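Visitor: If you scroll down you'll find the structure; I have some questions about it.
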Amino acid sequence: MEAGNLSKFLKNGAIWGFIVIELIFFSVAGEFMSLSDKAFMDVDNMLLLLKQSAPIGIIAMGMTIIMVNGNIDLSVGAIFALSAVILLDSLTWTVFAGLGDWVIPVSWALALLTGVGLGAINGFIVWKTGVDAFIVTLGSMLGFRGLVFMYNGETPTSSLNWTLVDFAEAQFLGLHTATWFLAIVTLVMWYLMTRTVHGRNAYAIGDNRDAAVNAGIKVGPHMLINFMIIGFLAALSAVVFYSESGSVNPNDGQLYELWVITAVVLGGTKLTGGAGSIVSTLGGVLAIQLLRKGLGHIGADTSTVNLVIGLILIAVLFLDRQLNTKGKEELKL
Amino acid sequence: MSDQTPALRLEGIVKTFPGVRALDGVSLSVMPGEVHALMGENGAGKSTLMKVLGGIYQPQEGRIIVEEVPTVMTSPLQAKSKGIVFIHQELSLAEELTVAENIYLGELPRRSFGRVDWEKLYTQTDAILAKLKVGFNAKTIVGDLSIANQQMVEIARALTVDAKAVIFDEPTASLTDAEKVVLFDVISDLQRQGVGIIYISHRMEEIFKITDRISVLRDGSYRGTLETRNTTEEEVTQLMIGRALDLSRNESNHELGDVALEVRGLSCGHMFKDVSFDVRRGEVLGFYGLVGAGRTEIVETLFGLREPSGGKILLDGEEVRISSPADAISKGISLVPEDRKGQGLVLGMNCRDNMTLPQVGELSSGPFVAPGAETAIFDKYKEKLDIRTPGWKQTVGNLSGGNQQKIVIAKWLSMHPKVLIVDEPTRGIDVGSKSEIHNLIRDLAAQGYAVIVVSSEMPEVLHVSDRIVAMFSGRVMRTFTSEEVTEESLIQAISGITATEKVA
Ligand SMILES: Nc1ncnc2c1ncn2[C@@H]1O[C@H](COP(=O)(O)OP(=O)(O)OP(=O)(O)O)[C@@H](O)[C@H]1O
Ligand SMILES: [Mg+2]
């Protein structure tokens with residue numbers, strides 16, 4: 001293998017190597033420190049882990065294309081919450097009373113539309129004003145969250161529909177419904193990024209916007225579409241999650257944006273845009289979920305988990321930089 | 001000169017990249033007070049050799065000897081401390097900082113408690129700038145300067161250290177004639193102080209004007225060194241490209257077609273005023289003028305990057321409004337921009353994807369890209385323009401400057417536009433490829449394309465154009481046909497001297 005390929009392999013494979021190390025570590029450490037006598041790598045435990053990865057994972061796929069564009073979306077947590085409120089509330093709207101269980105697809109559609117709409121607002125502002133996506137979505141993060149509170153005040157919005165819960169808790173071929181959604185979203189987004197014109201343009205815009213404009217790419221509409229995609233996925237994430245739980249607190253989804261961004265960055269997507277991959281993002285999502293679950297398994301509390309994840313994030317980015325400079329023979333600074 | 005010890009010696013340098021043997025045992029020696037030219041085709045390995053010398057790349061084999069002391073260059077800063085100063089082909093300046101801060105970046109003069117000694121910084125910088133006779137001062141923000149002036153800042157950096165050898169990698173690519181004169185003065189100053197100079201350029205006339213010896217690289221290997229006094233352009237070219245150059249212009253007697261593009265009284269703020277011209281199918285229209293004459297602004301307006309403040313643009317006789325580059329492309333106007341790195345290429349993307357970027361949508365089936373069709377286009381134009389790269393997967397940022405330019409040209413050629421606009425077609429391109437590109441432009445015209453060429457090189461406009469628009473300060477001074485144009489009349493026109501004034 002040539003030197004360039006090796007470092008490339010190390011770079012792309014790094015996140016998966018990290019996952020393997022985590023699995024080994026928690027299995028071994030679990031033997032000594034775990035409170036339960038169940039093995040960490042138990043099949044049910046792993047299936048549950050995949051299911052629990054879904055809410056963050058589904059949004060992270062959208063964040064990947066946003067960040068490859070050189071943008072960022074901080075409002076995903078708030079979109080998640082607002083879509084969830086719409087979903088659960090609309091299940092009980094009197095206008096839909098005659099629909100029976102047909103209210104479910106209607107409510108889903110309403111929630112998803114909400115996500116797409118909110119995403120479109122973000123995208124439209126970014127396109128038309130040219131203001132940095134960071135600022136725009138920082139504003140909409142606060143604004144959308146405000147709408148959540150206006151809806152029902154501090155009280156949770158709840159409604160349990162048993163058909164819905166059954167669907168959400170079902171397992172098909174061993175995998176939970178949420179896991180299937182994550183798998184499908186990953187596949188579709190991978191296809192979008194690697195096989196379509198839209199995906200190609202996303203990389204071009206993130207790497208050199210001027211050159212992309214000169215090549216006739218309509219940058220504004222392109223970014224609008226991406227914000228609509230991530231809005232849709234944030235809503236989808238909410239739909240999958242709250243179909244099961246049936247109750248949303250107005251504070252739900254807070255800090256989601258940070259978990260999502262952490263996963264995407266762990267997967268190697270550049271903050272400045274132009275580079276990143278869906279498959280590596282999936283790796284990042286799983287790595288974080290493993291870490292949260294694994295540390296819980298060996299008895300660490302939440303604050304320790306956060307501390308460790310923070311440290312690992314910095315370590316991984318440092319390692320990535322080292323590998324990057326090696327591969328590219330860039331200027332040593 | 002021969003009894004002196006060389007300021008700098010390179011012995012048997014080998015440097016490989018994945019799939020590319022960029023340098024294959026290259027040796028070179030530079031005497032103190034000598035201007036030593038390094039020549040070779042695009043991708044021959046000139047920049048790579050200098051990056052090895054400047055401590056940016058580590059060679060796999062070979063030695064670097066500075067004043068008879070073997071030295072390992074581990075970083076640019078260390079190379080600088082050994083007296084090797086590098087002025088890069090690509091600018092590397094902090095655009096938000098002042099000129100002074102850029103020049104002394106990393107070594108700002110200090111006062112107690114680590115405070116910057118601003119006064120000293122500015123006086124030192126102004127002293128250096130005075131030598132360079134530039135029209136800006138120490139406190140100017142670099143981002144506000146033209147590319148040419150930014151180049152001067154880069155050069156000013158070299159003057160702050162006690163240099164043993166200074167490397168200039170294509171320093172004149174974006175300088176005006178007046179700025180070149182200043183640069184050559186600086187070089188001969190350095191020469192008088194006994195500094196060894198390595199000078200990389202594709203421009204023969206400069207090489208023969210200022211250098212003492214010429215070393216030639218071809219495909220990463222050393223081909224020989226010639227005394228500038230005792231050689232000819234033909235000999236150097238022969239050594240560089242391994243064959244003699246065909247400089248004749250291919251005059252096919254094709255018929256000129258209809259007017260493809262007509263511009264009437266076009267204005268854009270104070271950039272340019274009342275500009276009128278037309279281009280027929282099968283014709284090459286040259287735009288010549290000094291830097292700042294408004295040529296680039298005109299073509300940017302035609303490409304939808306600027307909003308005209310008045311006048312009309314007619315395509316095939318119909319008036320059109322061009323609102324964006326996407327609009328221009330769909331109407332059949334293509335632009336090869338002046339700044340290939342900033343505006344032409346997606347540097348992190350591979351060669352093929354760059355080449356097919358504007359047409360990836362047309363090649364696709366539905367929303368899906370068609371890699372096969374894209375690779376076919378890449379292969380065709382790689383062959384046609386002789387693009388040197390190990391394969392389509394190579395990242396464009398790793399190609400040599402000239403090969404990058406060929407990728408941009410290929411990008412638009414493969415789209416078969418109605419009107420092809422090329423802004424500075426051969427900036428930084430070697431003599432061999434340059435004549436290929438010139439032939440290509442003539443061929444395109446013969447095939448019925450309407451071509452507009454903007455250039456700051458007089459031999460180039462004279463060579464490729466059927467008619468030449470001479471511009472001065474945002475206005476068209478005169479349009480020459482290729483029969484009536486002379487170098488003299490052209491120079492007069494672009495300096496703002498009109499025929500009547502001359503008579504008077
Ligand atoms: N970082 C890199 N990775 C891979 N290949 C590289 C890299 N840098 C240079 N090359 C290759 O090495 C060869 C020599 O390139 P170099 O930039 O030295 O050419 P050059 O003589 O300076 O050409 P030009 O006149 O166009 O500037 C080219 O084939 C180029 O593609
Ligand atoms: Mg070079």
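Lettering and numbering for the structure tokens are positional, with chains as A, B, ... in the shown order, residues counted from 1 in each chain, and ligands counted from 1 in the shown order.
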8 Å from ligand 2 is the threshold here; counting only C-alpha atoms and all ligand atoms, which polymer residues fall inside it? Answer as a count of residues only.

Guide: 12

Visitor: So that I can check the secondary structure, give me every residue of region 98-260 of chain A assigned alpha helix (DSSP H) by backbone DSSP, as number ranges by chain.

Guide: A: 103-129, 133-152, 162-169, 177-195, 197-207, 209-214, 219-245, 256-260

Visitor: 8 Å from ligand 1 is the threshold here; counting only C-alpha atoms and all ligand atoms, which polymer residues fall inside it? Answer as a compact mmCIF listing (two decimals) with N, CA and C atoms, in the first residue's frame.

Guide:
```txt
# COMPACT_ATOMS: atom_id res chain seq x y z
N LYS A 328 -1.04 15.11 3.39
CA LYS A 328 -1.01 16.17 2.39
C LYS A 328 0.32 16.87 2.28
N GLU A 329 1.21 16.64 3.21
CA GLU A 329 2.47 17.36 3.24
C GLU A 329 2.23 18.86 3.22
N GLU A 330 1.32 19.27 4.04
CA GLU A 330 1.04 20.70 4.10
C GLU A 330 2.16 21.43 4.83
N THR B 16 9.19 11.85 -4.15
CA THR B 16 8.03 11.23 -4.80
C THR B 16 6.76 11.51 -4.02
N PHE B 17 5.69 11.63 -4.78
CA PHE B 17 4.35 11.66 -4.20
C PHE B 17 3.67 10.39 -4.66
N PRO B 18 2.57 10.01 -4.01
CA PRO B 18 1.88 8.80 -4.47
C PRO B 18 1.61 8.86 -5.97
N GLY B 19 2.20 7.96 -6.71
CA GLY B 19 1.95 7.91 -8.15
C GLY B 19 2.74 8.89 -9.00
N VAL B 20 3.53 9.77 -8.38
CA VAL B 20 4.29 10.77 -9.13
C VAL B 20 5.73 10.79 -8.64
N ARG B 21 6.68 10.67 -9.55
CA ARG B 21 8.07 10.87 -9.17
C ARG B 21 8.39 12.31 -9.55
N ALA B 22 8.16 13.23 -8.62
CA ALA B 22 8.24 14.66 -8.94
C ALA B 22 9.68 15.11 -9.17
N LEU B 23 10.63 14.55 -8.43
CA LEU B 23 12.05 14.89 -8.61
C LEU B 23 12.84 13.60 -8.61
N MET B 39 14.07 26.48 -15.19
CA MET B 39 13.00 26.41 -16.19
C MET B 39 12.54 24.98 -16.40
N GLY B 40 11.39 24.84 -16.97
CA GLY B 40 10.83 23.51 -17.23
C GLY B 40 9.36 23.63 -17.48
N GLU B 41 8.79 22.61 -18.11
CA GLU B 41 7.36 22.64 -18.41
C GLU B 41 6.54 22.63 -17.13
N ASN B 42 5.25 22.82 -17.28
CA ASN B 42 4.36 22.70 -16.12
C ASN B 42 4.44 21.29 -15.59
N GLY B 43 4.65 21.19 -14.30
CA GLY B 43 4.73 19.85 -13.70
C GLY B 43 6.11 19.25 -13.78
N ALA B 44 7.10 20.03 -14.26
CA ALA B 44 8.46 19.49 -14.37
C ALA B 44 9.08 19.27 -12.99
N GLY B 45 8.60 19.99 -11.99
CA GLY B 45 9.11 19.78 -10.63
C GLY B 45 9.81 21.00 -10.05
N LYS B 46 9.68 22.16 -10.69
CA LYS B 46 10.39 23.35 -10.22
C LYS B 46 9.94 23.75 -8.82
N SER B 47 8.63 23.90 -8.68
CA SER B 47 8.13 24.33 -7.37
C SER B 47 8.45 23.29 -6.31
N THR B 48 8.35 22.02 -6.67
CA THR B 48 8.64 20.97 -5.70
C THR B 48 10.09 21.05 -5.24
N LEU B 49 11.00 21.26 -6.18
CA LEU B 49 12.42 21.37 -5.83
C LEU B 49 12.63 22.51 -4.85
N MET B 50 11.97 23.62 -5.12
CA MET B 50 12.15 24.78 -4.24
C MET B 50 11.50 24.56 -2.89
N GLN B 89 4.99 30.93 -5.35
CA GLN B 89 4.15 31.09 -6.54
C GLN B 89 2.74 31.49 -6.10
N GLU B 170 7.93 32.23 -9.96
CA GLU B 170 7.04 32.98 -10.85
C GLU B 170 6.53 34.29 -10.23
N SER B 201 10.51 31.16 -13.91
CA SER B 201 9.56 31.89 -14.73
C SER B 201 9.38 31.15 -16.04
N HIS B 202 8.22 31.39 -16.67
CA HIS B 202 8.00 30.82 -18.00
C HIS B 202 8.24 31.87 -19.08
N LEU B 217 14.75 21.59 -16.02
CA LEU B 217 14.19 20.32 -15.53
C LEU B 217 13.20 19.81 -16.56
N ASP B 219 10.32 16.53 -16.64
CA ASP B 219 9.72 15.37 -15.97
C ASP B 219 10.48 14.99 -14.71
N GLY B 220 10.84 15.96 -13.91
CA GLY B 220 11.48 15.68 -12.63
C GLY B 220 12.96 15.37 -12.69
N ARG B 388 -0.98 16.76 -17.40
CA ARG B 388 -0.11 15.82 -16.70
C ARG B 388 -0.63 15.53 -15.31
N THR B 389 -1.21 14.38 -15.15
CA THR B 389 -1.67 13.94 -13.84
C THR B 389 -1.76 12.43 -13.88
N PRO B 390 -1.47 11.78 -12.75
CA PRO B 390 -1.52 10.32 -12.75
C PRO B 390 -2.91 9.75 -13.04
N GLN B 394 -6.69 12.29 -8.93
CA GLN B 394 -5.77 13.21 -8.28
C GLN B 394 -6.50 14.50 -7.87
N THR B 395 -6.22 14.97 -6.65
CA THR B 395 -6.80 16.22 -6.18
C THR B 395 -6.20 17.38 -6.97
N GLY B 397 -5.64 20.38 -6.31
CA GLY B 397 -4.67 21.17 -5.56
C GLY B 397 -3.26 20.63 -5.65
N ASN B 398 -3.10 19.36 -5.99
CA ASN B 398 -1.77 18.78 -6.10
C ASN B 398 -1.15 18.92 -7.48
N LEU B 399 -1.89 19.44 -8.45
CA LEU B 399 -1.33 19.59 -9.78
C LEU B 399 -0.44 20.81 -9.84
N SER B 400 0.46 20.83 -10.81
CA SER B 400 1.26 22.04 -11.01
C SER B 400 0.37 23.13 -11.58
N GLY B 401 0.80 24.37 -11.40
CA GLY B 401 -0.03 25.52 -11.79
C GLY B 401 -0.53 25.45 -13.21
N GLY B 402 0.33 25.10 -14.12
CA GLY B 402 -0.05 25.06 -15.53
C GLY B 402 -1.10 24.01 -15.81
N ASN B 403 -0.93 22.88 -15.19
CA ASN B 403 -1.91 21.81 -15.41
C ASN B 403 -3.26 22.16 -14.81
N GLN B 404 -3.24 22.93 -13.73
CA GLN B 404 -4.50 23.40 -13.16
C GLN B 404 -5.23 24.28 -14.18
N GLY B 428 1.19 31.83 -16.16
CA GLY B 428 1.87 30.74 -15.46
C GLY B 428 1.95 29.44 -16.24
N ILE B 429 1.85 29.56 -17.57
CA ILE B 429 1.87 28.32 -18.37
C ILE B 429 3.16 28.26 -19.19
N ASP B 430 3.74 27.05 -19.27
CA ASP B 430 5.05 26.93 -19.92
C ASP B 430 4.97 27.16 -21.43
```

Visitor: I need the chain B residues near chain A as number ranges by chain; criterion: at most 10 Å, counting only C-alpha atoms.

Guide: B: 17-19, 51, 55-58, 74-77, 303-305, 324-330, 334-337, 339-349, 353-371, 398, 411-412

Visitor: Can you tell me, as a PyMOL selection string, what residues are no more than 8 Å from Phe26 (chain A) when counting only C-alpha atoms, ignoring any on the same chain fewer than 3 positions away?

Guide: chain A and resi 22-23+29-30+40+294-295+297-298

Visitor: For the residues selected in the previous step, produce a file with N, CA, C and O atoms as a compact mmCIF listing (two decimals), in the first residue's frame.

Guide:
```
# COMPACT_ATOMS: atom_id res chain seq x y z
N GLU A 22 -13.47 0.93 21.82
CA GLU A 22 -14.50 1.17 22.85
C GLU A 22 -15.17 -0.14 23.25
O GLU A 22 -15.35 -0.43 24.44
N LEU A 23 -15.53 -0.94 22.23
CA LEU A 23 -16.23 -2.20 22.51
C LEU A 23 -15.36 -3.10 23.39
O LEU A 23 -15.83 -3.66 24.39
N ALA A 29 -13.68 -3.85 30.86
CA ALA A 29 -13.89 -3.07 32.08
C ALA A 29 -15.19 -3.47 32.76
O ALA A 29 -15.30 -3.51 33.98
N GLY A 30 -16.20 -3.80 31.91
CA GLY A 30 -17.50 -4.17 32.44
C GLY A 30 -17.43 -5.41 33.33
O GLY A 30 -18.17 -5.53 34.30
N PHE A 40 -21.50 -6.49 28.35
CA PHE A 40 -21.77 -5.26 27.60
C PHE A 40 -22.17 -5.58 26.16
O PHE A 40 -23.08 -5.00 25.61
N GLY A 294 -21.57 2.91 27.42
CA GLY A 294 -20.49 2.15 28.04
C GLY A 294 -20.09 2.74 29.38
O GLY A 294 -19.93 2.02 30.38
N LEU A 295 -19.98 4.05 29.42
CA LEU A 295 -19.59 4.68 30.69
C LEU A 295 -20.67 4.47 31.73
O LEU A 295 -20.39 4.26 32.91
N HIS A 297 -22.56 1.88 31.80
CA HIS A 297 -22.43 0.45 32.13
C HIS A 297 -21.41 0.23 33.25
O HIS A 297 -21.58 -0.61 34.11
N ILE A 298 -20.32 0.98 33.20
CA ILE A 298 -19.31 0.80 34.24
C ILE A 298 -19.53 1.76 35.41
O ILE A 298 -18.65 1.95 36.24
```

Visitor: Excluding Leu291 (chain A) and any residue of its chain fewer than 4 positions from it, enumerate the residues within 12 Å of it, using only C-alpha atoms, and give them as a PyMOL selection string.

Guide: chain A and resi 18-26+40+49+53+263+284-287+295-298+300+302+304-313

Visitor: Env of Phe184 (chain B): 9 Å cut, atoms = only C-alpha atoms, seq-sep filter 5 positions within chain, self excluded. Answer as a list in words.

Guide: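 Non-adjacent residues within range: Glu179, Asp189 and Ile210 of chain B.
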
Visitor: Just want the 12 Å neighbourhood of region 105-111 of chain A, counted on only C-alpha atoms, with same-chain residues fewer than 4 positions away dropped. Output as a count of residues only.

Guide: 42

Visitor: As JSON, numbers by chain, please: the residues near Val26 (chain B) (cut-off 10 Å, only C-alpha atoms, same-chain neighbours under 6 positions excluded).

Guide: {"B": [10, 11, 12, 13, 14, 15, 45, 49, 61, 62, 217, 220, 221, 222, 223]}

Visitor: Write to file, as a PDB file, in the first residue's frame, the residues of the selection just made, with N, CA, C and O atoms.

Guide:
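result-v2.pdb written:
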```pdb
ATOM      1  N   LEU B  10      22.455  21.725  -4.332  1.00  0.00           N
ATOM      2  CA  LEU B  10      21.513  20.621  -4.128  1.00  0.00           C
ATOM      3  C   LEU B  10      22.116  19.420  -4.827  1.00  0.00           C
ATOM      4  O   LEU B  10      22.609  19.532  -5.946  1.00  0.00           O
ATOM      5  N   GLU B  11      22.099  18.277  -4.154  1.00  0.00           N
ATOM      6  CA  GLU B  11      22.712  17.088  -4.759  1.00  0.00           C
ATOM      7  C   GLU B  11      21.753  15.911  -4.765  1.00  0.00           C
ATOM      8  O   GLU B  11      21.285  15.474  -3.713  1.00  0.00           O
ATOM      9  N   GLY B  12      21.487  15.405  -5.934  1.00  0.00           N
ATOM     10  CA  GLY B  12      20.715  14.155  -6.085  1.00  0.00           C
ATOM     11  C   GLY B  12      19.400  14.111  -5.340  1.00  0.00           C
ATOM     12  O   GLY B  12      19.060  13.132  -4.692  1.00  0.00           O
ATOM     13  N   ILE B  13      18.613  15.208  -5.445  1.00  0.00           N
ATOM     14  CA  ILE B  13      17.352  15.255  -4.699  1.00  0.00           C
ATOM     15  C   ILE B  13      16.285  14.360  -5.353  1.00  0.00           C
ATOM     16  O   ILE B  13      16.028  14.470  -6.548  1.00  0.00           O
ATOM     17  N   VAL B  14      15.701  13.506  -4.542  1.00  0.00           N
ATOM     18  CA  VAL B  14      14.598  12.660  -4.996  1.00  0.00           C
ATOM     19  C   VAL B  14      13.379  12.953  -4.131  1.00  0.00           C
ATOM     20  O   VAL B  14      13.478  12.986  -2.913  1.00  0.00           O
ATOM     21  N   LYS B  15      12.259  13.215  -4.788  1.00  0.00           N
ATOM     22  CA  LYS B  15      11.013  13.422  -4.037  1.00  0.00           C
ATOM     23  C   LYS B  15       9.865  12.760  -4.795  1.00  0.00           C
ATOM     24  O   LYS B  15       9.640  13.059  -5.955  1.00  0.00           O
ATOM     25  N   GLY B  45       8.599  19.992 -11.988  1.00  0.00           N
ATOM     26  CA  GLY B  45       9.111  19.783 -10.634  1.00  0.00           C
ATOM     27  C   GLY B  45       9.814  20.998 -10.055  1.00  0.00           C
ATOM     28  O   GLY B  45      10.433  20.910  -8.992  1.00  0.00           O
ATOM     29  N   LEU B  49      10.997  21.260  -6.180  1.00  0.00           N
ATOM     30  CA  LEU B  49      12.418  21.368  -5.828  1.00  0.00           C
ATOM     31  C   LEU B  49      12.633  22.512  -4.849  1.00  0.00           C
ATOM     32  O   LEU B  49      13.348  22.399  -3.848  1.00  0.00           O
ATOM     33  N   GLU B  61      15.695  11.337  -0.909  1.00  0.00           N
ATOM     34  CA  GLU B  61      17.139  11.179  -1.015  1.00  0.00           C
ATOM     35  C   GLU B  61      17.743  12.523  -1.368  1.00  0.00           C
ATOM     36  O   GLU B  61      17.063  13.414  -1.841  1.00  0.00           O
ATOM     37  N   GLY B  62      19.073  12.629  -1.185  1.00  0.00           N
ATOM     38  CA  GLY B  62      19.774  13.825  -1.624  1.00  0.00           C
ATOM     39  C   GLY B  62      20.148  14.746  -0.480  1.00  0.00           C
ATOM     40  O   GLY B  62      19.675  14.591   0.650  1.00  0.00           O
ATOM     41  N   LEU B 217      14.749  21.588 -16.016  1.00  0.00           N
ATOM     42  CA  LEU B 217      14.189  20.321 -15.533  1.00  0.00           C
ATOM     43  C   LEU B 217      13.196  19.810 -16.562  1.00  0.00           C
ATOM     44  O   LEU B 217      12.493  20.587 -17.199  1.00  0.00           O
ATOM     45  N   GLY B 220      10.842  15.956 -13.915  1.00  0.00           N
ATOM     46  CA  GLY B 220      11.476  15.685 -12.631  1.00  0.00           C
ATOM     47  C   GLY B 220      12.956  15.369 -12.689  1.00  0.00           C
ATOM     48  O   GLY B 220      13.579  15.102 -11.675  1.00  0.00           O
ATOM     49  N   SER B 221      13.534  15.375 -13.892  1.00  0.00           N
ATOM     50  CA  SER B 221      14.979  15.129 -13.905  1.00  0.00           C
ATOM     51  C   SER B 221      15.736  16.320 -14.493  1.00  0.00           C
ATOM     52  O   SER B 221      15.198  17.117 -15.252  1.00  0.00           O
ATOM     53  N   TYR B 222      16.999  16.403 -14.098  1.00  0.00           N
ATOM     54  CA  TYR B 222      17.835  17.535 -14.462  1.00  0.00           C
ATOM     55  C   TYR B 222      18.315  17.366 -15.903  1.00  0.00           C
ATOM     56  O   TYR B 222      18.828  16.303 -16.268  1.00  0.00           O
ATOM     57  N   ARG B 223      18.177  18.394 -16.737  1.00  0.00           N
ATOM     58  CA  ARG B 223      18.541  18.272 -18.150  1.00  0.00           C
ATOM     59  C   ARG B 223      19.766  19.078 -18.545  1.00  0.00           C
ATOM     60  O   ARG B 223      20.199  19.025 -19.669  1.00  0.00           O
TER      61      ARG B 223
END
```

Visitor: In Å, rounded to a single decimal, give me how far CA of Asn122 (chain A) is from CA of Val136 (chain A).

Guide: 6.7 Å

Visitor: Between CA of Val76 (chain A) and CA of Val185 (chain A), measure the distance and give it in Å to one decimal.

Guide: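 Computed distance, CA of Val76 (chain A) to CA of Val185 (chain A), equals 16.2 Å.
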